[in-house]
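So this block is data11.csv, CSV, C-alpha atoms:
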chain,number,residue,atom,x,y,z
A,129,MET,CA,68.0,-3.7,18.0
A,130,ARG,CA,67.9,-6.3,20.8
A,131,GLN,CA,64.5,-5.1,21.9
A,132,LEU,CA,63.2,-5.4,18.3
A,133,TRP,CA,64.4,-9.0,18.1
A,134,THR,CA,62.8,-9.8,21.5
A,135,SER,CA,59.5,-8.3,20.4
A,136,ALA,CA,59.6,-10.2,17.1
A,137,ALA,CA,60.3,-13.5,18.9
A,138,ILE,CA,57.3,-12.9,21.3
A,139,LEU,CA,55.1,-12.0,18.4
A,140,ALA,CA,56.1,-15.1,16.4
A,141,ALA,CA,55.5,-17.3,19.5
A,142,ALA,CA,52.1,-15.8,19.9
A,143,CYS,CA,51.2,-16.5,16.3
A,144,VAL,CA,52.4,-20.1,16.6
A,145,SER,CA,50.5,-20.7,19.8
A,146,PHE,CA,47.2,-19.1,18.6
A,147,ASP,CA,44.6,-21.7,18.0
A,148,PRO,CA,42.0,-20.4,15.5
A,149,ALA,CA,39.6,-23.2,16.4
A,150,GLY,CA,39.4,-22.0,20.0
A,151,PRO,CA,39.7,-24.0,23.3
A,152,PRO,CA,38.7,-27.6,23.5
A,153,VAL,CA,35.2,-28.6,24.7
A,154,PRO,CA,34.4,-31.6,26.9
A,155,ASP,CA,34.1,-35.0,25.2
A,156,ILE,CA,30.4,-36.0,25.5
A,157,ALA,CA,30.6,-39.1,23.2
A,158,GLY,CA,28.5,-41.9,24.5
A,159,THR,CA,25.0,-43.4,24.7
A,160,TYR,CA,22.3,-41.5,26.5
A,161,ALA,CA,18.8,-42.7,27.6
A,162,GLY,CA,16.1,-40.2,28.0
A,163,THR,CA,12.7,-38.7,27.0
A,164,ALA,CA,11.4,-36.3,24.5
A,165,VAL,CA,8.3,-34.5,25.6
A,166,ILE,CA,6.3,-33.0,22.8
A,167,ARG,CA,3.4,-30.6,23.4
A,168,LEU,CA,1.0,-29.3,20.8
A,169,ALA,CA,-1.2,-26.3,21.6
A,170,ASN,CA,-3.9,-24.6,19.5
A,171,THR,CA,-7.5,-23.4,19.9
A,172,PHE,CA,-8.8,-27.0,19.5
A,173,GLU,CA,-6.5,-28.9,21.8
A,174,SER,CA,-3.5,-28.9,24.1
A,175,ARG,CA,-1.8,-32.3,24.1
A,176,THR,CA,1.4,-33.6,25.6
A,177,ASP,CA,3.1,-36.9,24.7
A,178,THR,CA,6.3,-38.4,25.9
A,179,LEU,CA,8.7,-40.6,23.8
A,180,THR,CA,11.5,-42.8,25.2
A,181,ILE,CA,14.6,-42.0,23.3
A,182,GLU,CA,18.2,-43.1,23.1
A,183,LEU,CA,21.0,-40.9,21.7
A,184,THR,CA,24.3,-42.2,20.6
A,185,LEU,CA,26.8,-39.3,20.2
A,186,ARG,CA,30.3,-39.0,19.0
A,187,ASN,CA,32.5,-35.9,18.8
A,188,THR,CA,33.7,-34.9,15.4
A,189,GLY,CA,36.9,-33.6,16.9
A,190,TYR,CA,37.5,-31.9,20.2
A,191,ARG,CA,36.4,-28.4,19.0
A,192,GLY,CA,32.6,-28.8,19.6
A,193,GLY,CA,31.2,-30.7,16.7
A,194,ILE,CA,28.7,-33.4,17.7
A,195,THR,CA,27.2,-36.0,15.5
A,196,GLY,CA,25.2,-39.1,16.2
A,197,THR,CA,21.9,-40.8,16.0
A,198,TYR,CA,18.6,-41.0,17.9
A,199,HIS,CA,16.5,-44.1,18.4
A,200,VAL,CA,12.9,-43.9,19.5
A,201,ALA,CA,11.4,-47.0,21.3
A,202,MET,CA,8.9,-47.3,18.5
A,203,GLY,CA,11.7,-48.2,16.0
A,204,ASP,CA,12.3,-44.8,14.5
A,205,THR,CA,16.0,-43.8,14.1
A,206,GLY,CA,17.8,-41.0,12.4
A,207,PRO,CA,20.6,-38.3,12.6
A,208,PHE,CA,21.3,-36.0,15.5
A,209,GLY,CA,23.9,-33.3,15.6
A,210,GLY,CA,25.0,-29.9,16.6
A,211,THR,CA,27.8,-27.9,18.2
A,212,MET,CA,28.9,-27.4,21.8
A,213,LEU,CA,30.7,-24.5,23.5
A,214,THR,CA,33.2,-24.6,26.3
A,215,ASN,CA,30.6,-23.5,28.9
A,216,GLY,CA,28.4,-26.5,28.2
A,217,SER,CA,25.8,-24.8,26.1
A,218,LEU,CA,25.0,-26.5,22.8
A,219,THR,CA,22.9,-25.9,19.7
A,220,VAL,CA,21.1,-28.8,18.0
A,221,PHE,CA,20.9,-28.3,14.2
A,222,VAL,CA,20.0,-31.8,13.2
A,223,PHE,CA,17.3,-33.9,15.0
A,224,GLY,CA,15.7,-36.2,12.4
A,225,GLU,CA,16.0,-36.0,8.7
A,226,PRO,CA,17.0,-32.5,7.5
A,227,PRO,CA,16.3,-29.7,6.7
A,228,LYS,CA,14.4,-28.9,10.0
A,229,PRO,CA,14.9,-30.3,13.5
A,230,ILE,CA,12.1,-32.7,14.6
A,231,ALA,CA,10.1,-32.3,11.3
A,232,GLY,CA,11.6,-35.5,9.9
A,233,ILE,CA,11.1,-37.7,13.0
A,234,ALA,CA,8.6,-40.4,11.9
A,235,ALA,CA,7.5,-41.2,15.5
A,236,ILE,CA,6.4,-37.7,16.0
A,237,ARG,CA,4.8,-37.2,12.6
A,238,ASN,CA,2.9,-40.5,13.0
A,239,ARG,CA,1.6,-39.5,16.4
A,240,TYR,CA,0.0,-36.3,14.9
A,241,PRO,CA,-1.0,-37.2,11.4
A,242,TRP,CA,-3.5,-34.3,11.2
A,243,CYS,CA,-0.5,-31.8,11.4
A,244,ASP,CA,1.7,-30.9,8.5
A,245,PHE,CA,5.3,-31.3,9.8
A,246,THR,CA,6.7,-30.5,6.4
A,247,ARG,CA,5.7,-26.9,7.2
A,248,LEU,CA,7.1,-26.9,10.7
A,249,GLY,CA,8.8,-23.5,11.4
A,250,ILE,CA,11.7,-24.3,13.7
A,251,GLY,CA,15.3,-23.4,13.7
A,252,PRO,CA,18.3,-24.5,15.7
A,253,MET,CA,17.4,-25.6,19.2
A,254,PRO,CA,19.4,-24.4,22.3
A,255,GLY,CA,20.5,-26.8,25.0
A,256,THR,CA,23.0,-27.5,27.7
A,257,PHE,CA,25.2,-30.3,28.9
A,258,ARG,CA,25.5,-30.5,32.7
A,259,GLY,CA,27.2,-33.3,34.6
A,260,ASP,CA,26.3,-36.3,32.5
A,261,SER,CA,23.0,-35.0,31.2
A,262,LEU,CA,21.9,-33.3,28.0
A,263,PHE,CA,18.9,-30.9,27.8
A,264,VAL,CA,17.5,-29.4,24.6
A,265,ASP,CA,14.4,-27.2,24.1
A,266,GLY,CA,12.8,-26.3,20.8
A,267,GLN,CA,9.7,-24.4,19.8
A,268,GLY,CA,8.0,-23.9,16.4
A,269,SER,CA,4.7,-23.7,14.7
A,270,LEU,CA,2.9,-25.6,11.9
A,271,PRO,CA,-0.6,-26.0,10.5
A,272,CYS,CA,-2.9,-28.7,11.8
A,273,PHE,CA,-6.2,-29.7,10.1
A,274,TYR,CA,-9.5,-30.4,11.9
A,275,GLY,CA,-12.8,-31.5,10.5
A,276,VAL,CA,-15.8,-29.5,11.8
A,277,GLY,CA,-19.5,-29.9,11.2
A,278,GLY,CA,-20.7,-30.2,7.7
A,279,GLY,CA,-17.5,-31.8,6.5
A,280,PHE,CA,-15.5,-28.6,6.5
A,281,LEU,CA,-11.8,-28.8,7.1
A,282,VAL,CA,-10.2,-26.0,9.2
A,283,THR,CA,-6.5,-25.1,9.2
A,284,VAL,CA,-5.4,-24.2,12.7
A,285,HIS,CA,-2.1,-22.5,13.6
A,286,THR,CA,-0.4,-24.8,16.2
A,287,GLU,CA,2.5,-24.3,18.5
A,288,VAL,CA,4.9,-27.2,19.0
A,289,PHE,CA,7.2,-27.5,22.0
A,290,LEU,CA,9.9,-30.1,22.5
A,291,HIS,CA,11.9,-30.8,25.7
A,292,LEU,CA,14.6,-33.4,25.4
A,293,SER,CA,16.5,-34.7,28.4
A,294,ALA,CA,18.9,-37.6,28.4
A,295,SER,CA,21.6,-39.0,30.7
Encoded form (structure tokens):
Amino acid sequence: MRQLWTSAAILAAACVSFDPAGPPVPDIAGTYAGTAVIRLANTFESRTDTLTIELTLRNTGYRGGITGTYHVAMGDTGPFGGTMLTNGSLTVFVFGEPPKPIAGIAAIRNRYPWCDFTRLGIGPMPGTFRGDSLFVDGQGSLPCFYGVGGGFLVTVHTEVFLHLSAS
């Protein structure tokens, strides 16, 4: 009977000490200065542009939720958010107005007005946090429209690449 009580006590202690939210992740709250490099590639052009960006992040608890805002030097600002794991990897779900990351960032849309960012096919973007730096990469596709001889408008499948780094 004594062994049964001991086993029950160990089992109860294990249940009480189990944390369903998992282990805590590092606190990365703060303000980060960096760059967002955007590259568009299709049969008509390959173009790379760089935007200066500032991220202000806050943790929504110590279990990996990240929310905050971005601010582009050209005055554009909006939401930024995702989740972080204990190993420093992260996933960005929100970068600009939802529903799709980068599709709602006015500074990017205004830079490429011949492309339809409302039709950007992009999902969550993977990233990492190392030392005091944040790195995020994203890739998607969208249609861009080009005028050709005779006034014809051609729709061209375009790949969009984003690399964000901030410290």
Computed interatomic separation between atom CA of Ile194 of chain A and atom CA of Gly251 of chain A (Å):
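So the two atoms, atom CA of Ile194 of chain A and atom CA of Gly251 of chain A, lie 17.2 Å apart.
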Nearest to Leu179 of chain A, chosen from A:Leu262, A:Cys272, A:Ile236, A:Val153, with all atoms listed in the file counted in the distances:
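Among A:Leu262, A:Cys272, A:Ile236, A:Val153, it is A:Ile236 that comes nearest to Leu179 of chain A.
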Using only C-alpha atoms, which residue out of A:Gly203, A:Gly193, A:Pro271, A:Gly158 lies closest to Ile233 of chain A?
A:Gly203
Point-to-point distance in Å for atom CA of Gly162 of chain A and atom CA of Asp204 of chain A
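Taking atom CA of Asp204 of chain A and atom CA of Gly162 of chain A, their separation equals 14.8 Å.
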Please, what distance in Å, to one decimal, runs between atom CA of Ala157 of chain A and atom CA of Ile230 of chain A?
21.4 Å
Of the candidates A:Cys243, A:Asn170, A:Asp155, A:Phe208, which shows the shortest atom-to-atom distance to Leu183 of chain A, using all atoms listed in the file?
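Nearest to Leu183 of chain A: A:Phe208.
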Could you tell me which of A:Gly224, A:Asn215, A:Phe172, A:Thr178 comes closest to Thr195 of chain A if we count only C-alpha atoms?
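The shortest atom-to-atom distance to Thr195 of chain A comes from A:Gly224.
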List the spatial neighbours of Val165 of chain A as a count of residues only - criterion: any atom at most 12 Å away, all atoms listed in the file, same-chain residues fewer than 5 positions off excluded.
21
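For the set A:Gly278, A:Gly216, A:Pro226, A:Gly206, the residue with the smallest atom-to-atom gap to Pro152 of chain A is A:Gly216, counting only C-alpha atoms.
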My list of candidates is A:Gly275, A:Pro227, A:Gly232, A:Gly192. Which is closest to Pro252 of chain A when distances are computed with only C-alpha atoms?
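Residue with the minimum atom-to-atom distance to Pro252 of chain A: A:Pro227.
For Thr286 of chain A, the list of residues within 12 Å, based on only C-alpha atoms and with local chain neighbours fewer than 4 positions off taken out, reads Arg167, Leu168, Ala169, Asn170, Thr171, Phe172, Glu173, Ser174, Arg175, Tyr240, Trp242, Cys243, Asp244, Phe245, Arg247, Leu248, Gly249, Gln267, Gly268, Ser269, Leu270, Pro271, Cys272, Phe273 and Tyr274 of chain A.
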Filtering to C-alpha atoms, could you give me those residues as an mmCIF file, in the frame of the given file?
data_model
loop_
_atom_site.group_PDB
_atom_site.id
_atom_site.type_symbol
_atom_site.label_atom_id
_atom_site.label_comp_id
_atom_site.auth_asym_id
_atom_site.auth_seq_id
_atom_site.Cartn_x
_atom_site.Cartn_y
_atom_site.Cartn_z
ATOM 1 C CA ARG A 167 3.400 -30.600 23.400
ATOM 2 C CA LEU A 168 1.000 -29.300 20.800
ATOM 3 C CA ALA A 169 -1.200 -26.300 21.600
ATOM 4 C CA ASN A 170 -3.900 -24.600 19.500
ATOM 5 C CA THR A 171 -7.500 -23.400 19.900
ATOM 6 C CA PHE A 172 -8.800 -27.000 19.500
ATOM 7 C CA GLU A 173 -6.500 -28.900 21.800
ATOM 8 C CA SER A 174 -3.500 -28.900 24.100
ATOM 9 C CA ARG A 175 -1.800 -32.300 24.100
ATOM 10 C CA TYR A 240 0.000 -36.300 14.900
ATOM 11 C CA TRP A 242 -3.500 -34.300 11.200
ATOM 12 C CA CYS A 243 -0.500 -31.800 11.400
ATOM 13 C CA ASP A 244 1.700 -30.900 8.500
ATOM 14 C CA PHE A 245 5.300 -31.300 9.800
ATOM 15 C CA ARG A 247 5.700 -26.900 7.200
ATOM 16 C CA LEU A 248 7.100 -26.900 10.700
ATOM 17 C CA GLY A 249 8.800 -23.500 11.400
ATOM 18 C CA GLN A 267 9.700 -24.400 19.800
ATOM 19 C CA GLY A 268 8.000 -23.900 16.400
ATOM 20 C CA SER A 269 4.700 -23.700 14.700
ATOM 21 C CA LEU A 270 2.900 -25.600 11.900
ATOM 22 C CA PRO A 271 -0.600 -26.000 10.500
ATOM 23 C CA CYS A 272 -2.900 -28.700 11.800
ATOM 24 C CA PHE A 273 -6.200 -29.700 10.100
ATOM 25 C CA TYR A 274 -9.500 -30.400 11.900
#
So that I can check the surroundings of Thr219 of chain A, please list as a list in words every protein, DNA and RNA residue that reaches within 6 Å of it, counting all atoms listed in the file and ignoring chain neighbours fewer than 2 positions away.
Gly210, Thr211, Met253, Pro254 and Gly255 of chain A
Please supply segment 263-280 of chain A, rebuilt with N, CA and C atoms, as a compact mmCIF listing (two decimals), keeping the file's coordinate frame.
# COMPACT_ATOMS: atom_id res chain seq x y z
N PHE A 263 20.26 -31.52 27.84
CA PHE A 263 18.90 -30.90 27.80
C PHE A 263 18.79 -30.04 26.59
N VAL A 264 17.70 -30.22 25.84
CA VAL A 264 17.50 -29.40 24.60
C VAL A 264 16.00 -29.00 24.62
N ASP A 265 15.77 -27.74 24.23
CA ASP A 265 14.40 -27.20 24.10
C ASP A 265 14.22 -26.63 22.73
N GLY A 266 13.07 -26.89 22.14
CA GLY A 266 12.80 -26.30 20.80
C GLY A 266 11.32 -25.88 20.79
N GLN A 267 11.05 -24.92 19.93
CA GLN A 267 9.70 -24.40 19.80
C GLN A 267 9.51 -23.99 18.32
N GLY A 268 8.36 -24.31 17.78
CA GLY A 268 8.00 -23.90 16.40
C GLY A 268 6.54 -23.93 16.21
N SER A 269 6.12 -23.70 14.99
CA SER A 269 4.70 -23.70 14.70
C SER A 269 4.48 -24.41 13.33
N LEU A 270 3.26 -24.91 13.17
CA LEU A 270 2.90 -25.60 11.90
C LEU A 270 1.36 -25.58 11.82
N PRO A 271 0.84 -25.88 10.64
CA PRO A 271 -0.60 -26.00 10.50
C PRO A 271 -1.10 -27.38 10.83
N CYS A 272 -2.23 -27.45 11.53
CA CYS A 272 -2.90 -28.70 11.80
C CYS A 272 -4.33 -28.58 11.20
N PHE A 273 -4.92 -29.71 10.81
CA PHE A 273 -6.20 -29.70 10.10
C PHE A 273 -7.23 -30.46 10.90
N TYR A 274 -8.38 -29.83 11.13
CA TYR A 274 -9.50 -30.40 11.90
C TYR A 274 -10.74 -30.38 11.11
N GLY A 275 -11.50 -31.49 11.18
CA GLY A 275 -12.80 -31.50 10.50
C GLY A 275 -13.85 -30.96 11.49
N VAL A 276 -14.71 -30.10 10.97
CA VAL A 276 -15.80 -29.50 11.80
C VAL A 276 -17.11 -29.88 11.10
N GLY A 277 -18.21 -29.54 11.74
CA GLY A 277 -19.50 -29.90 11.20
C GLY A 277 -19.71 -29.57 9.76
N GLY A 278 -20.46 -30.41 9.08
CA GLY A 278 -20.70 -30.20 7.70
C GLY A 278 -19.59 -30.64 6.76
N GLY A 279 -18.58 -31.32 7.30
CA GLY A 279 -17.50 -31.80 6.50
C GLY A 279 -16.43 -30.78 6.15
N PHE A 280 -16.49 -29.62 6.79
CA PHE A 280 -15.50 -28.60 6.50
C PHE A 280 -14.18 -28.92 7.22
